[in-house]
file run05.cif (mmCIF, C-alpha atoms)
data_my_file
loop_
_atom_site.group_PDB
_atom_site.id
_atom_site.type_symbol
_atom_site.label_atom_id
_atom_site.label_comp_id
_atom_site.auth_asym_id
_atom_site.auth_seq_id
_atom_site.Cartn_x
_atom_site.Cartn_y
_atom_site.Cartn_z
ATOM 1 C CA ASP A 1 -20.808 -3.923 -19.188
ATOM 2 C CA THR A 2 -20.456 -2.854 -15.563
ATOM 3 C CA GLY A 3 -17.079 -4.427 -14.825
ATOM 4 C CA VAL A 4 -13.687 -2.750 -14.419
ATOM 5 C CA SER A 5 -12.372 -1.311 -17.681
ATOM 6 C CA GLN A 6 -8.855 -0.297 -18.623
ATOM 7 C CA ASP A 7 -7.565 1.747 -21.511
ATOM 8 C CA PRO A 8 -5.555 1.158 -23.587
ATOM 9 C CA ARG A 9 -5.364 -2.626 -23.671
ATOM 10 C CA HIS A 10 -1.952 -2.506 -25.306
ATOM 11 C CA LYS A 11 0.726 0.178 -25.389
ATOM 12 C CA ILE A 12 4.037 0.084 -27.221
ATOM 13 C CA THR A 13 6.420 2.907 -26.484
ATOM 14 C CA LYS A 14 10.059 3.800 -26.864
ATOM 15 C CA ARG A 15 12.389 3.977 -23.910
ATOM 16 C CA GLY A 16 12.339 7.399 -22.319
ATOM 17 C CA GLN A 17 8.754 8.237 -23.253
ATOM 18 C CA ASN A 18 5.983 8.860 -20.729
ATOM 19 C CA VAL A 19 2.869 6.693 -20.706
ATOM 20 C CA THR A 20 -0.476 7.042 -18.944
ATOM 21 C CA PHE A 21 -3.044 4.323 -18.344
ATOM 22 C CA ARG A 22 -6.649 4.777 -17.328
ATOM 23 C CA CYS A 23 -8.869 2.616 -15.131
ATOM 24 C CA ASP A 24 -12.627 2.922 -14.691
ATOM 25 C CA PRO A 25 -13.759 0.941 -11.630
ATOM 26 C CA ILE A 26 -17.148 -0.515 -10.831
ATOM 27 C CA SER A 27 -19.137 2.580 -9.943
ATOM 28 C CA GLU A 28 -20.173 1.681 -6.407
ATOM 29 C CA HIS A 29 -16.673 0.557 -5.358
ATOM 30 C CA ASN A 30 -14.761 2.975 -3.151
ATOM 31 C CA ARG A 31 -11.364 1.255 -3.332
ATOM 32 C CA LEU A 32 -9.204 1.149 -6.452
ATOM 33 C CA TYR A 33 -5.916 -0.721 -6.822
ATOM 34 C CA TRP A 34 -3.045 -0.821 -9.282
ATOM 35 C CA TYR A 35 -0.869 -3.914 -9.765
ATOM 36 C CA ARG A 36 1.949 -4.933 -12.047
ATOM 37 C CA GLN A 37 2.255 -8.475 -13.319
ATOM 38 C CA THR A 38 5.265 -9.928 -15.108
ATOM 39 C CA LEU A 39 5.608 -13.336 -16.730
ATOM 40 C CA GLY A 40 5.429 -16.191 -14.259
ATOM 41 C CA GLN A 41 4.556 -13.954 -11.331
ATOM 42 C CA GLY A 42 1.414 -13.067 -9.503
ATOM 43 C CA PRO A 43 0.022 -9.523 -9.400
ATOM 44 C CA GLU A 44 2.388 -7.214 -7.521
ATOM 45 C CA PHE A 45 0.647 -4.481 -5.531
ATOM 46 C CA LEU A 46 1.651 -0.909 -6.446
ATOM 47 C CA THR A 47 -0.829 1.474 -4.819
ATOM 48 C CA TYR A 48 -4.445 1.917 -3.823
ATOM 49 C CA PHE A 49 -7.055 4.590 -3.263
ATOM 50 C CA GLN A 50 -10.028 4.800 -0.981
ATOM 51 C CA ASN A 51 -12.282 7.270 -2.724
ATOM 52 C CA GLU A 52 -9.887 10.022 -3.827
ATOM 53 C CA ALA A 53 -7.335 9.453 -1.046
ATOM 54 C CA GLN A 54 -4.193 7.501 -1.946
ATOM 55 C CA LEU A 55 -3.695 5.392 1.163
ATOM 56 C CA GLU A 56 -0.625 3.419 0.204
ATOM 57 C CA LYS A 57 1.996 4.452 -2.304
ATOM 58 C CA SER A 58 5.239 3.273 -0.765
ATOM 59 C CA ARG A 59 5.261 0.239 -3.040
ATOM 60 C CA LEU A 60 5.254 2.215 -6.252
ATOM 61 C CA LEU A 61 8.329 0.913 -7.996
ATOM 62 C CA SER A 62 10.171 4.211 -8.284
ATOM 63 C CA ASP A 63 9.522 7.944 -8.342
ATOM 64 C CA ARG A 64 8.874 7.586 -12.073
ATOM 65 C CA PHE A 65 5.531 5.983 -11.171
ATOM 66 C CA SER A 66 2.573 8.060 -10.013
ATOM 67 C CA ALA A 67 -1.156 7.540 -9.750
ATOM 68 C CA GLU A 68 -4.158 9.788 -9.339
ATOM 69 C CA ARG A 69 -7.850 9.418 -8.653
ATOM 70 C CA PRO A 70 -8.952 13.044 -8.695
ATOM 71 C CA LYS A 71 -12.687 12.696 -8.147
ATOM 72 C CA GLY A 72 -12.815 9.305 -6.545
ATOM 73 C CA SER A 73 -14.011 7.684 -9.755
ATOM 74 C CA PHE A 74 -11.563 6.781 -12.533
ATOM 75 C CA SER A 75 -7.820 6.595 -11.935
ATOM 76 C CA THR A 76 -4.685 7.082 -14.002
ATOM 77 C CA LEU A 77 -1.265 5.501 -13.632
ATOM 78 C CA GLU A 78 1.629 7.384 -15.200
ATOM 79 C CA ILE A 79 5.121 6.095 -15.845
ATOM 80 C CA GLN A 80 7.655 8.735 -16.745
ATOM 81 C CA ARG A 81 10.872 8.105 -18.678
ATOM 82 C CA THR A 82 9.957 4.482 -19.351
ATOM 83 C CA GLU A 83 12.628 1.780 -19.210
ATOM 84 C CA GLN A 84 12.652 -1.654 -20.809
ATOM 85 C CA GLY A 85 12.199 -3.174 -17.361
ATOM 86 C CA ASP A 86 8.803 -1.471 -17.124
ATOM 87 C CA SER A 87 7.437 -3.853 -19.757
ATOM 88 C CA ALA A 88 4.674 -5.763 -17.999
ATOM 89 C CA MET A 89 0.912 -6.116 -17.604
ATOM 90 C CA TYR A 90 -0.596 -3.351 -15.475
ATOM 91 C CA LEU A 91 -3.787 -4.420 -13.748
ATOM 92 C CA CYS A 92 -6.420 -2.315 -12.073
ATOM 93 C CA ALA A 93 -8.926 -3.667 -9.553
ATOM 94 C CA SER A 94 -11.761 -2.199 -7.514
ATOM 95 C CA SER A 95 -13.595 -3.348 -4.429
ATOM 96 C CA SER A 96 -15.963 -2.450 -1.642
ATOM 97 C CA THR A 97 -15.139 -5.597 0.378
ATOM 98 C CA ASN A 98 -12.126 -7.923 0.642
ATOM 99 C CA GLN A 99 -13.008 -9.298 -2.797
ATOM 100 C CA GLN A 100 -11.401 -7.398 -5.660
ATOM 101 C CA PHE A 101 -12.665 -7.213 -9.216
ATOM 102 C CA PHE A 102 -9.950 -6.935 -11.821
ATOM 103 C CA GLY A 103 -9.907 -5.260 -15.191
ATOM 104 C CA PRO A 104 -8.403 -6.925 -18.265
ATOM 105 C CA GLY A 105 -5.102 -5.079 -17.864
ATOM 106 C CA THR A 106 -2.902 -2.874 -20.048
ATOM 107 C CA ARG A 107 0.038 -4.646 -21.679
ATOM 108 C CA LEU A 108 3.022 -2.271 -21.846
ATOM 109 C CA THR A 109 5.962 -2.959 -24.135
ATOM 110 C CA VAL A 110 8.947 -0.637 -23.926
ATOM 111 C CA LEU A 111 11.287 -0.870 -26.910
ATOM 112 C CA ASP B 112 11.248 -13.154 0.059
ATOM 113 C CA GLN B 113 7.895 -14.538 -1.016
ATOM 114 C CA GLN B 114 5.299 -14.445 1.732
ATOM 115 C CA VAL B 115 2.813 -16.474 -0.315
ATOM 116 C CA LYS B 116 4.177 -19.507 -2.111
ATOM 117 C CA GLN B 117 2.619 -21.730 -4.713
ATOM 118 C CA ASN B 118 5.329 -24.287 -5.221
ATOM 119 C CA SER B 119 3.720 -26.154 -8.110
ATOM 120 C CA PRO B 120 3.904 -24.101 -11.321
ATOM 121 C CA SER B 121 1.586 -26.519 -13.099
ATOM 122 C CA LEU B 122 -0.864 -29.342 -12.510
ATOM 123 C CA SER B 123 -2.442 -31.730 -14.987
ATOM 124 C CA VAL B 124 -5.659 -33.589 -14.116
ATOM 125 C CA GLN B 125 -8.130 -35.801 -15.938
ATOM 126 C CA GLU B 126 -11.685 -34.543 -16.358
ATOM 127 C CA GLY B 127 -13.927 -35.732 -13.546
ATOM 128 C CA ARG B 128 -11.081 -36.216 -11.082
ATOM 129 C CA ILE B 129 -10.149 -33.971 -8.172
ATOM 130 C CA SER B 130 -7.738 -31.051 -8.595
ATOM 131 C CA ILE B 131 -5.832 -29.971 -5.499
ATOM 132 C CA LEU B 132 -3.919 -26.708 -5.609
ATOM 133 C CA ASN B 133 -1.676 -25.842 -2.692
ATOM 134 C CA CYS B 134 -0.506 -22.598 -1.136
ATOM 135 C CA ASP B 135 1.814 -21.858 1.775
ATOM 136 C CA TYR B 136 2.325 -18.574 3.581
ATOM 137 C CA THR B 137 4.927 -17.293 5.993
ATOM 138 C CA ASN B 138 3.343 -14.211 7.536
ATOM 139 C CA SER B 139 1.392 -15.238 10.646
ATOM 140 C CA MET B 140 -0.474 -11.924 10.525
ATOM 141 C CA PHE B 141 -2.390 -13.014 7.417
ATOM 142 C CA ASP B 142 -5.962 -13.775 8.402
ATOM 143 C CA TYR B 143 -7.910 -13.678 5.161
ATOM 144 C CA PHE B 144 -7.215 -15.770 2.103
ATOM 145 C CA LEU B 145 -8.533 -15.730 -1.438
ATOM 146 C CA TRP B 146 -8.248 -17.762 -4.616
ATOM 147 C CA TYR B 147 -8.444 -16.160 -8.036
ATOM 148 C CA LYS B 148 -8.650 -17.778 -11.448
ATOM 149 C CA LYS B 149 -7.125 -16.230 -14.544
ATOM 150 C CA TYR B 150 -7.724 -17.034 -18.188
ATOM 151 C CA PRO B 151 -5.325 -15.742 -20.873
ATOM 152 C CA ALA B 152 -5.871 -12.117 -21.892
ATOM 153 C CA GLU B 153 -8.220 -11.522 -18.956
ATOM 154 C CA GLY B 154 -7.766 -10.152 -15.460
ATOM 155 C CA PRO B 155 -7.979 -12.470 -12.451
ATOM 156 C CA THR B 156 -11.492 -13.438 -11.323
ATOM 157 C CA PHE B 157 -12.391 -14.047 -7.688
ATOM 158 C CA LEU B 158 -13.206 -17.668 -6.938
ATOM 159 C CA ILE B 159 -13.516 -18.304 -3.217
ATOM 160 C CA SER B 160 -12.192 -16.975 0.087
ATOM 161 C CA ILE B 161 -11.759 -18.038 3.689
ATOM 162 C CA SER B 162 -11.286 -16.216 6.957
ATOM 163 C CA SER B 163 -8.849 -17.518 9.554
ATOM 164 C CA ILE B 164 -11.735 -18.184 11.946
ATOM 165 C CA LYS B 165 -12.757 -21.048 9.676
ATOM 166 C CA ASP B 166 -10.915 -24.102 8.417
ATOM 167 C CA LYS B 167 -13.142 -24.850 5.452
ATOM 168 C CA ASN B 168 -15.309 -22.971 2.988
ATOM 169 C CA GLU B 169 -17.274 -24.560 0.198
ATOM 170 C CA ASP B 170 -18.912 -23.143 -2.907
ATOM 171 C CA GLY B 171 -20.261 -25.676 -5.368
ATOM 172 C CA ARG B 172 -17.387 -27.670 -6.838
ATOM 173 C CA PHE B 173 -14.798 -25.518 -5.048
ATOM 174 C CA THR B 174 -13.641 -26.010 -1.471
ATOM 175 C CA VAL B 175 -10.847 -24.187 0.307
ATOM 176 C CA PHE B 176 -9.192 -25.709 3.367
ATOM 177 C CA LEU B 177 -7.082 -23.702 5.796
ATOM 178 C CA ASN B 178 -4.526 -25.201 8.189
ATOM 179 C CA LYS B 179 -3.377 -22.272 10.313
ATOM 180 C CA SER B 180 -0.815 -24.204 12.314
ATOM 181 C CA ALA B 181 0.897 -25.321 9.114
ATOM 182 C CA LYS B 182 0.307 -21.960 7.394
ATOM 183 C CA HIS B 183 -1.119 -23.896 4.485
ATOM 184 C CA LEU B 184 -4.238 -23.693 2.397
ATOM 185 C CA SER B 185 -5.512 -25.726 -0.482
ATOM 186 C CA LEU B 186 -8.173 -25.417 -3.139
ATOM 187 C CA HIS B 187 -10.055 -28.550 -4.123
ATOM 188 C CA ILE B 188 -12.009 -28.706 -7.350
ATOM 189 C CA VAL B 189 -14.235 -31.716 -7.756
ATOM 190 C CA PRO B 190 -15.156 -32.857 -10.288
ATOM 191 C CA SER B 191 -12.659 -31.048 -12.499
ATOM 192 C CA GLN B 192 -13.882 -29.828 -15.882
ATOM 193 C CA PRO B 193 -11.933 -28.725 -18.990
ATOM 194 C CA GLY B 194 -13.274 -25.191 -18.478
ATOM 195 C CA ASP B 195 -11.401 -25.083 -15.175
ATOM 196 C CA SER B 196 -8.122 -24.960 -17.117
ATOM 197 C CA ALA B 197 -6.584 -21.644 -16.060
ATOM 198 C CA VAL B 198 -3.939 -20.145 -13.801
ATOM 199 C CA TYR B 199 -4.968 -20.119 -10.137
ATOM 200 C CA PHE B 200 -3.563 -17.533 -7.757
ATOM 201 C CA CYS B 201 -3.594 -17.768 -4.003
ATOM 202 C CA ALA B 202 -3.676 -14.448 -2.131
ATOM 203 C CA ALA B 203 -3.445 -13.527 1.527
ATOM 204 C CA MET B 204 -4.051 -10.358 3.458
ATOM 205 C CA VAL B 205 -3.982 -8.920 6.931
ATOM 206 C CA GLY B 206 -7.558 -8.090 7.865
ATOM 207 C CA GLY B 207 -8.303 -4.399 7.540
ATOM 208 C CA SER B 208 -5.318 -3.712 5.289
ATOM 209 C CA TYR B 209 -7.256 -4.492 2.097
ATOM 210 C CA ILE B 210 -3.907 -5.190 0.392
ATOM 211 C CA PRO B 211 -3.505 -8.796 -0.781
ATOM 212 C CA THR B 212 -0.182 -10.528 -1.405
ATOM 213 C CA PHE B 213 -0.357 -12.939 -4.311
ATOM 214 C CA GLY B 214 1.488 -16.155 -5.021
ATOM 215 C CA ARG B 215 3.049 -16.875 -8.411
ATOM 216 C CA GLY B 216 0.144 -19.014 -9.550
ATOM 217 C CA THR B 217 -0.403 -22.623 -10.581
ATOM 218 C CA SER B 218 -1.414 -23.451 -14.132
ATOM 219 C CA LEU B 219 -4.133 -26.115 -14.089
ATOM 220 C CA ILE B 220 -4.814 -28.173 -17.196
ATOM 221 C CA VAL B 221 -7.852 -30.446 -17.150
ATOM 222 C CA HIS B 222 -7.757 -33.030 -19.917
ATOM 223 C CA PRO B 223 -11.026 -34.276 -21.460
#
call {"tool": "encode", "arguments": {"input": "run05.cif", "output": "structure tokens"}}
result
Amino acid sequence: DTGVSQDPRHKITKRGQNVTFRCDPISEHNRLYWYRQTLGQGPEFLTYFQNEAQLEKSRLLSDRFSAERPKGSFSTLEIQRTEQGDSAMYLCASSSTNQQFFGPGTRLTVL
Amino acid sequence: DQQVKQNSPSLSVQEGRISILNCDYTNSMFDYFLWYKKYPAEGPTFLISISSIKDKNEDGRFTVFLNKSAKHLSLHIVPSQPGDSAVYFCAAMVGGSYIPTFGRGTSLIVHP
């Protein structure tokens, strides 16, 4: 399968713990995006990379959120000191044009 | 303040009839628009797009219409099929930004 993959698909954690999600984009895509989606809402943009450069991170929800794409291939999204309000679907997408290809998402539940 | 609005949370249509999904936007800088379809437990899938230099784009059963003066776009699906049942998201972006703003989605149910 050559689509966007995300790991894990589901994560349950206790409040205060750190979590890290991984995204593997389509190999020839230079742009990689992270979104958060909550119930009844559309995807909410968090940050994106062009190759290894993080070009927009002002919309990360707080300083507890950080993302990396060290070699311009896969990316990780880390949430430190998780809160119950962080429970959501975290989506990754990649693109080389205006059209983005989404992964299946990681469902985070914070207890 | 939502810049992209899909005011109908749901739409129910009979198989074979036309489905019309609507989207309004407030930011006049948006010049590229996309529709995505999402099935449960999957990520959104690109469906069709339109640039602001056009007022219509067609791809098989799917047509998107853009009314720039009204800041309104619509997605027409004809004929509708049960497999079209999904949540449809409208998205808009400023050209060159590569960052789309999504609406809240409209859940389409096509009845056999």
call {"tool": "closest_residue", "arguments": {"input": "run05.cif", "among": "A:Thr20, A:Ser73, A:Thr109, A:Ser5", "to": "chain B", "atoms": "all atoms listed in the file"}}
result
A:Ser5
call {"tool": "resolve_selection", "arguments": {"input": "run05.cif", "expression": "the PyMOL selection byres ((chain A) within 12 of (chain B))", "output": "PyMOL selection string"}}
result
chain A and resi 3-6+9-10+30-50+55-57+59+89-107
call {"tool": "write_last_selection", "arguments": {"input": "run05.cif", "atoms": "C-alpha atoms", "output": "mmCIF file, in the frame of the given file"}}
result
data_model
loop_
_atom_site.group_PDB
_atom_site.id
_atom_site.type_symbol
_atom_site.label_atom_id
_atom_site.label_comp_id
_atom_site.auth_asym_id
_atom_site.auth_seq_id
_atom_site.Cartn_x
_atom_site.Cartn_y
_atom_site.Cartn_z
ATOM 1 C CA GLY A 3 -17.079 -4.427 -14.825
ATOM 2 C CA VAL A 4 -13.687 -2.750 -14.419
ATOM 3 C CA SER A 5 -12.372 -1.311 -17.681
ATOM 4 C CA GLN A 6 -8.855 -0.297 -18.623
ATOM 5 C CA ARG A 9 -5.364 -2.626 -23.671
ATOM 6 C CA HIS A 10 -1.952 -2.506 -25.306
ATOM 7 C CA ASN A 30 -14.761 2.975 -3.151
ATOM 8 C CA ARG A 31 -11.364 1.255 -3.332
ATOM 9 C CA LEU A 32 -9.204 1.149 -6.452
ATOM 10 C CA TYR A 33 -5.916 -0.721 -6.822
ATOM 11 C CA TRP A 34 -3.045 -0.821 -9.282
ATOM 12 C CA TYR A 35 -0.869 -3.914 -9.765
ATOM 13 C CA ARG A 36 1.949 -4.933 -12.047
ATOM 14 C CA GLN A 37 2.255 -8.475 -13.319
ATOM 15 C CA THR A 38 5.265 -9.928 -15.108
ATOM 16 C CA LEU A 39 5.608 -13.336 -16.730
ATOM 17 C CA GLY A 40 5.429 -16.191 -14.259
ATOM 18 C CA GLN A 41 4.556 -13.954 -11.331
ATOM 19 C CA GLY A 42 1.414 -13.067 -9.503
ATOM 20 C CA PRO A 43 0.022 -9.523 -9.400
ATOM 21 C CA GLU A 44 2.388 -7.214 -7.521
ATOM 22 C CA PHE A 45 0.647 -4.481 -5.531
ATOM 23 C CA LEU A 46 1.651 -0.909 -6.446
ATOM 24 C CA THR A 47 -0.829 1.474 -4.819
ATOM 25 C CA TYR A 48 -4.445 1.917 -3.823
ATOM 26 C CA PHE A 49 -7.055 4.590 -3.263
ATOM 27 C CA GLN A 50 -10.028 4.800 -0.981
ATOM 28 C CA LEU A 55 -3.695 5.392 1.163
ATOM 29 C CA GLU A 56 -0.625 3.419 0.204
ATOM 30 C CA LYS A 57 1.996 4.452 -2.304
ATOM 31 C CA ARG A 59 5.261 0.239 -3.040
ATOM 32 C CA MET A 89 0.912 -6.116 -17.604
ATOM 33 C CA TYR A 90 -0.596 -3.351 -15.475
ATOM 34 C CA LEU A 91 -3.787 -4.420 -13.748
ATOM 35 C CA CYS A 92 -6.420 -2.315 -12.073
ATOM 36 C CA ALA A 93 -8.926 -3.667 -9.553
ATOM 37 C CA SER A 94 -11.761 -2.199 -7.514
ATOM 38 C CA SER A 95 -13.595 -3.348 -4.429
ATOM 39 C CA SER A 96 -15.963 -2.450 -1.642
ATOM 40 C CA THR A 97 -15.139 -5.597 0.378
ATOM 41 C CA ASN A 98 -12.126 -7.923 0.642
ATOM 42 C CA GLN A 99 -13.008 -9.298 -2.797
ATOM 43 C CA GLN A 100 -11.401 -7.398 -5.660
ATOM 44 C CA PHE A 101 -12.665 -7.213 -9.216
ATOM 45 C CA PHE A 102 -9.950 -6.935 -11.821
ATOM 46 C CA GLY A 103 -9.907 -5.260 -15.191
ATOM 47 C CA PRO A 104 -8.403 -6.925 -18.265
ATOM 48 C CA GLY A 105 -5.102 -5.079 -17.864
ATOM 49 C CA THR A 106 -2.902 -2.874 -20.048
ATOM 50 C CA ARG A 107 0.038 -4.646 -21.679
#
call {"tool": "residues_near_point", "arguments": {"input": "run05.cif", "point": "(-7.1, -31.3, -20.9)", "cutoff": "10 Å", "atoms": "all atoms listed in the file", "output": "JSON, numbers by chain"}}
result
{"B": [123, 124, 125, 126, 192, 193, 194, 195, 196, 219, 220, 221, 222, 223]}
call {"tool": "closest_residue", "arguments": {"input": "run05.cif", "among": "B:Asn138, B:Thr174, B:Ser162, B:Ser130", "to": "Pro190 in chain B", "atoms": "all atoms listed in the file"}}
result
B:Ser130
call {"tool": "resolve_selection", "arguments": {"input": "run05.cif", "expression": "the PyMOL selection byres ((chain B and resi 164) around 10)", "output": "list of chain:residue names"}}
result
B:Asp142, B:Tyr143, B:Ile161, B:Ser162, B:Ser163, B:Lys165, B:Asp166, B:Lys167, B:Leu177, B:Lys179
call {"tool": "resolve_selection", "arguments": {"input": "run05.cif", "expression": "the PyMOL selection byres ((chain A and resi 77) around 6)", "output": "PyMOL selection string"}}
result
chain A and resi 20-21+66-67+76+78
call {"tool": "write_last_selection", "arguments": {"input": "run05.cif", "atoms": "C-alpha atoms", "output": "PDB file, in the frame of the given file"}}
result
ATOM      1  CA  THR A  20      -0.476   7.042 -18.944  1.00  0.00           C
ATOM      2  CA  PHE A  21      -3.044   4.323 -18.344  1.00  0.00           C
ATOM      3  CA  SER A  66       2.573   8.060 -10.013  1.00  0.00           C
ATOM      4  CA  ALA A  67      -1.156   7.540  -9.750  1.00  0.00           C
ATOM      5  CA  THR A  76      -4.685   7.082 -14.002  1.00  0.00           C
ATOM      6  CA  GLU A  78       1.629   7.384 -15.200  1.00  0.00           C
TER       7      GLU A  78
END
call {"tool": "axis_aligned_box", "arguments": {"input": "run05.cif", "around": "range 49-60 of chain A", "padding_each_side": "5 Å", "output": "lines of an AutoDock Vina configuration file"}}
result
center_x = -3.5
center_y = 5.1
center_z = -2.5
size_x = 27.5
size_y = 19.8
size_z = 17.4
call {"tool": "atom_distance", "arguments": {"input": "run05.cif", "atom1": "CA of Gly171 in chain B", "atom2": "CA of Tyr150 in chain B"}}
result
19.9 Å
call {"tool": "atom_distance", "arguments": {"input": "run05.cif", "atom1": "CA of Tyr136 in chain B", "atom2": "CA of Val175 in chain B"}}
result
14.7 Å
call {"tool": "atom_distance", "arguments": {"input": "run05.cif", "atom1": "CA of Ile79 in chain A", "atom2": "CA of Pro8 in chain A"}}
result
14.1 Å
call {"tool": "residues_near_point", "arguments": {"input": "run05.cif", "point": "(-6.3, -29.7, -2.9)", "cutoff": "9 Å", "atoms": "only C-alpha atoms", "output": "PyMOL selection string"}}
result
chain B and resi 129-133+174-176+184-188
call {"tool": "build_atoms", "arguments": {"input": "run05.cif", "residues": "range 71-82 of chain A", "atoms": "N, CA, C and O atoms", "output": "compact mmCIF listing (two decimals), keeping the file's coordinate frame"}}
result
# COMPACT_ATOMS: atom_id res chain seq x y z
N LYS A 71 -11.32 12.50 -8.63
CA LYS A 71 -12.69 12.70 -8.15
C LYS A 71 -13.24 11.43 -7.52
O LYS A 71 -14.45 11.29 -7.35
N GLY A 72 -12.35 10.53 -7.17
CA GLY A 72 -12.82 9.30 -6.54
C GLY A 72 -13.52 8.36 -7.49
O GLY A 72 -14.16 7.41 -7.03
N SER A 73 -13.38 8.61 -8.80
CA SER A 73 -14.01 7.68 -9.76
C SER A 73 -12.91 6.98 -10.54
O SER A 73 -12.30 6.06 -10.02
N PHE A 74 -12.62 7.44 -11.75
CA PHE A 74 -11.56 6.78 -12.53
C PHE A 74 -10.19 7.13 -11.96
O PHE A 74 -10.03 8.07 -11.17
N SER A 75 -9.19 6.36 -12.38
CA SER A 75 -7.82 6.60 -11.94
C SER A 75 -6.88 6.52 -13.13
O SER A 75 -7.19 5.88 -14.14
N THR A 76 -5.74 7.19 -13.00
CA THR A 76 -4.68 7.08 -14.00
C THR A 76 -3.38 6.67 -13.33
O THR A 76 -3.11 7.04 -12.19
N LEU A 77 -2.61 5.89 -14.04
CA LEU A 77 -1.26 5.50 -13.63
C LEU A 77 -0.32 6.03 -14.69
O LEU A 77 -0.48 5.73 -15.87
N GLU A 78 0.66 6.83 -14.27
CA GLU A 78 1.63 7.38 -15.20
C GLU A 78 3.01 6.83 -14.90
O GLU A 78 3.40 6.71 -13.74
N ILE A 79 3.72 6.48 -15.96
CA ILE A 79 5.12 6.10 -15.84
C ILE A 79 5.92 7.08 -16.68
O ILE A 79 5.70 7.21 -17.88
N GLN A 80 6.81 7.77 -16.04
CA GLN A 80 7.66 8.74 -16.74
C GLN A 80 8.98 8.09 -17.12
O GLN A 80 9.49 7.20 -16.43
N ARG A 81 9.54 8.56 -18.24
CA ARG A 81 10.87 8.10 -18.68
C ARG A 81 10.93 6.56 -18.65
O ARG A 81 11.76 5.96 -17.95
N THR A 82 10.07 5.93 -19.41
CA THR A 82 9.96 4.48 -19.35
C THR A 82 11.28 3.79 -19.66
O THR A 82 12.12 4.29 -20.43
